[in-house]
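Colleague: Here you go, one structure.
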Amino acid sequence: MFTPSSLAVAYRNSDSHVRDLAERLGLTTFRLSTELKFSTTYEYLLMHQEDALVIAKTGKGAPKPVSVELATGAVDHRRKFGGGKGQDIAKACGLNKRSSLTVFDATAGLGRDSFVLASLGCHVSLFERVGFVRELLADGLERARLVADIEDIVSNMMLAHGTIFDVMEEDCVDVVYLDPMFPHNDKSSAAVKKEMAFFRDLVGYDEDADLLLPKAQQLARFRVVVKRPKGAPYLNDQAPSYRIDGKSGRFDVYVKRSLENAD
């Protein structure tokens, strides 16, 4: 996982937004006066590039910077051609049984799964505890709200404060969705898209992931859904009610009550 000495908020023309961002994250600011491939002072830089907030790896041969993009690329293709409610994530969350579910995405990351659920009619609260990832997510959501094609989808997405551990038990939702970062070896890392590999390395993995499940079960009215890599152990060593296996991963579903004919 990153250390403060390996990440800085970069700028070419400093302004109050840069200073505010660095202060919120407890990071130093760094004036970038060269191309990224020639910069070696910090391993990673959080910066604005082409009107988007990005996380960039420095040095020669670094992959392209990463930002939260919900209106273009793979996310947009998935929205249009991904299979709708026939997708495994939709079936795992119970959208084949009931629509307009309320969902806590407790490990929102880049917001892609949240966007899929919101595009299928769910009202999703996104939680993200890693500071710079949260900033990327906030920036991506703000930009996505300006895109007419997906404005109605993004209106179903709300970036929540804190983590699900800050949520009171009486503030329940229909489904809690978990996708904690899982330790990966070199072989599994090679399977990750090049532009995302460094992002996973930077964030690391959720060492306290097992604690998420019991808290999620407190907050879910109907079910908890856990996304896991193929071959990964059950979260908290707790077997699910059932699982949906895909090509590269699976969804473990922990049912509390039936979604069918629920009041």
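Residue names in the structure tokens use chain letters A, B, ... in the order shown, residue numbers from 1 in each chain, and ligand numbers from 1 in the order shown.
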Could you give me, as a list in words, the residues within 12 Å of A:Met168, counting only C-alpha atoms and dropping anything in the same chain fewer than 2 positions from it?

Modeller: Gly162, Thr163, Ile164, Phe165, Asp166, Glu170, Asp171, Cys172, Val173, Lys215, Ala216, Gln218, Leu219 and Ala220 of chain A

Colleague: So which bits of stretch 7-217 of chain A end up alpha helix (DSSP H) when you DSSP the backbone, as JSON, numbers by chain?

Modeller: {"A": [16, 17, 18, 19, 20, 21, 22, 23, 24, 25, 73, 74, 75, 76, 77, 78, 79, 80, 81, 88, 89, 90, 91, 92, 93, 112, 113, 114, 115, 116, 117, 118, 119, 131, 132, 133, 134, 135, 136, 137, 138, 139, 140, 141, 142, 143, 144, 151, 152, 153, 154, 186, 187, 188, 189, 190, 191, 194, 195, 196, 197, 198, 199, 200, 201, 202, 203, 209, 210, 211, 212, 213, 214, 215, 216, 217]}

Colleague: May I have the residues within 12 Å of A:His161 as a ChimeraX atom specification, using only C-alpha atoms and disregarding those fewer than 2 positions away in the same chain?

Modeller: /A:104,106,125-131,134-135,138,158-159,163-167

Colleague: Restricting the output to N, CA and C atoms, write the selected residues as a CSV table (one decimal), in the first residue's frame.

Modeller:
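Below is the file result.csv, written as the result:
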```csv
chain,number,residue,atom,x,y,z
A,104,PHE,N,-26.2,-0.3,-0.5
A,104,PHE,CA,-24.9,0.2,0.0
A,104,PHE,C,-23.8,-0.5,-0.7
A,106,ALA,N,-20.3,-0.8,-0.2
A,106,ALA,CA,-19.4,-0.5,0.9
A,106,ALA,C,-17.9,-0.4,0.5
A,125,SER,N,-25.8,4.0,-2.5
A,125,SER,CA,-24.9,4.9,-1.7
A,125,SER,C,-23.5,4.3,-1.8
A,126,LEU,N,-22.6,5.1,-2.2
A,126,LEU,CA,-21.2,4.6,-2.4
A,126,LEU,C,-20.3,5.0,-1.2
A,127,PHE,N,-19.7,4.1,-0.6
A,127,PHE,CA,-18.7,4.3,0.5
A,127,PHE,C,-17.3,4.0,0.0
A,128,GLU,N,-16.4,4.9,0.2
A,128,GLU,CA,-15.0,4.6,-0.1
A,128,GLU,C,-14.1,5.3,0.9
A,129,ARG,N,-13.2,4.5,1.6
A,129,ARG,CA,-12.5,5.0,2.7
A,129,ARG,C,-11.1,5.4,2.3
A,130,VAL,N,-10.5,5.0,1.2
A,130,VAL,CA,-9.2,5.4,0.7
A,130,VAL,C,-9.3,6.8,0.2
A,131,GLY,N,-8.7,7.8,0.8
A,131,GLY,CA,-8.9,9.2,0.5
A,131,GLY,C,-8.7,9.6,-0.9
A,134,ARG,N,-11.5,8.2,-3.1
A,134,ARG,CA,-12.8,8.9,-2.9
A,134,ARG,C,-12.8,10.2,-3.7
A,135,GLU,N,-11.6,10.9,-3.7
A,135,GLU,CA,-11.5,12.1,-4.5
A,135,GLU,C,-11.7,11.9,-6.0
A,138,ALA,N,-15.4,11.2,-6.5
A,138,ALA,CA,-16.2,12.4,-6.4
A,138,ALA,C,-16.1,13.2,-7.7
A,158,MET,N,-25.1,8.2,-4.8
A,158,MET,CA,-24.8,9.2,-3.8
A,158,MET,C,-23.5,8.8,-3.1
A,159,LEU,N,-22.5,9.7,-3.1
A,159,LEU,CA,-21.3,9.4,-2.4
A,159,LEU,C,-21.4,9.7,-0.9
A,163,THR,N,-17.5,5.3,6.3
A,163,THR,CA,-17.6,4.0,5.9
A,163,THR,C,-18.9,3.3,6.5
A,164,ILE,N,-19.2,2.1,6.1
A,164,ILE,CA,-20.4,1.5,6.6
A,164,ILE,C,-20.3,1.3,8.1
A,165,PHE,N,-19.1,1.3,8.7
A,165,PHE,CA,-19.0,1.1,10.1
A,165,PHE,C,-19.5,2.4,10.9
A,166,ASP,N,-19.7,3.5,10.1
A,166,ASP,CA,-20.2,4.7,10.7
A,166,ASP,C,-21.7,4.7,10.6
A,167,VAL,N,-22.3,3.8,9.9
A,167,VAL,CA,-23.8,3.8,9.7
A,167,VAL,C,-24.5,3.1,10.9
```

Colleague: Write down as JSON, numbers by chain the residues of stretch 75-141 of chain A whose backbone DSSP state falls under strand (DSSP E or B).

Modeller: {"A": [102, 103, 104, 105, 123, 124, 125, 126]}

Colleague: Using only C-alpha atoms, can you tell me which of A:Cys93, A:Ala10, A:Cys122, A:Leu46 comes closest to A:Arg243?

Modeller: A:Cys93

Colleague: Provide the atom CA of A:Leu235 to atom CA of A:Gln87 distance in Å, to one decimal place.

Modeller: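 Pair atom CA of A:Leu235 / atom CA of A:Gln87 returns 22.2 Å.
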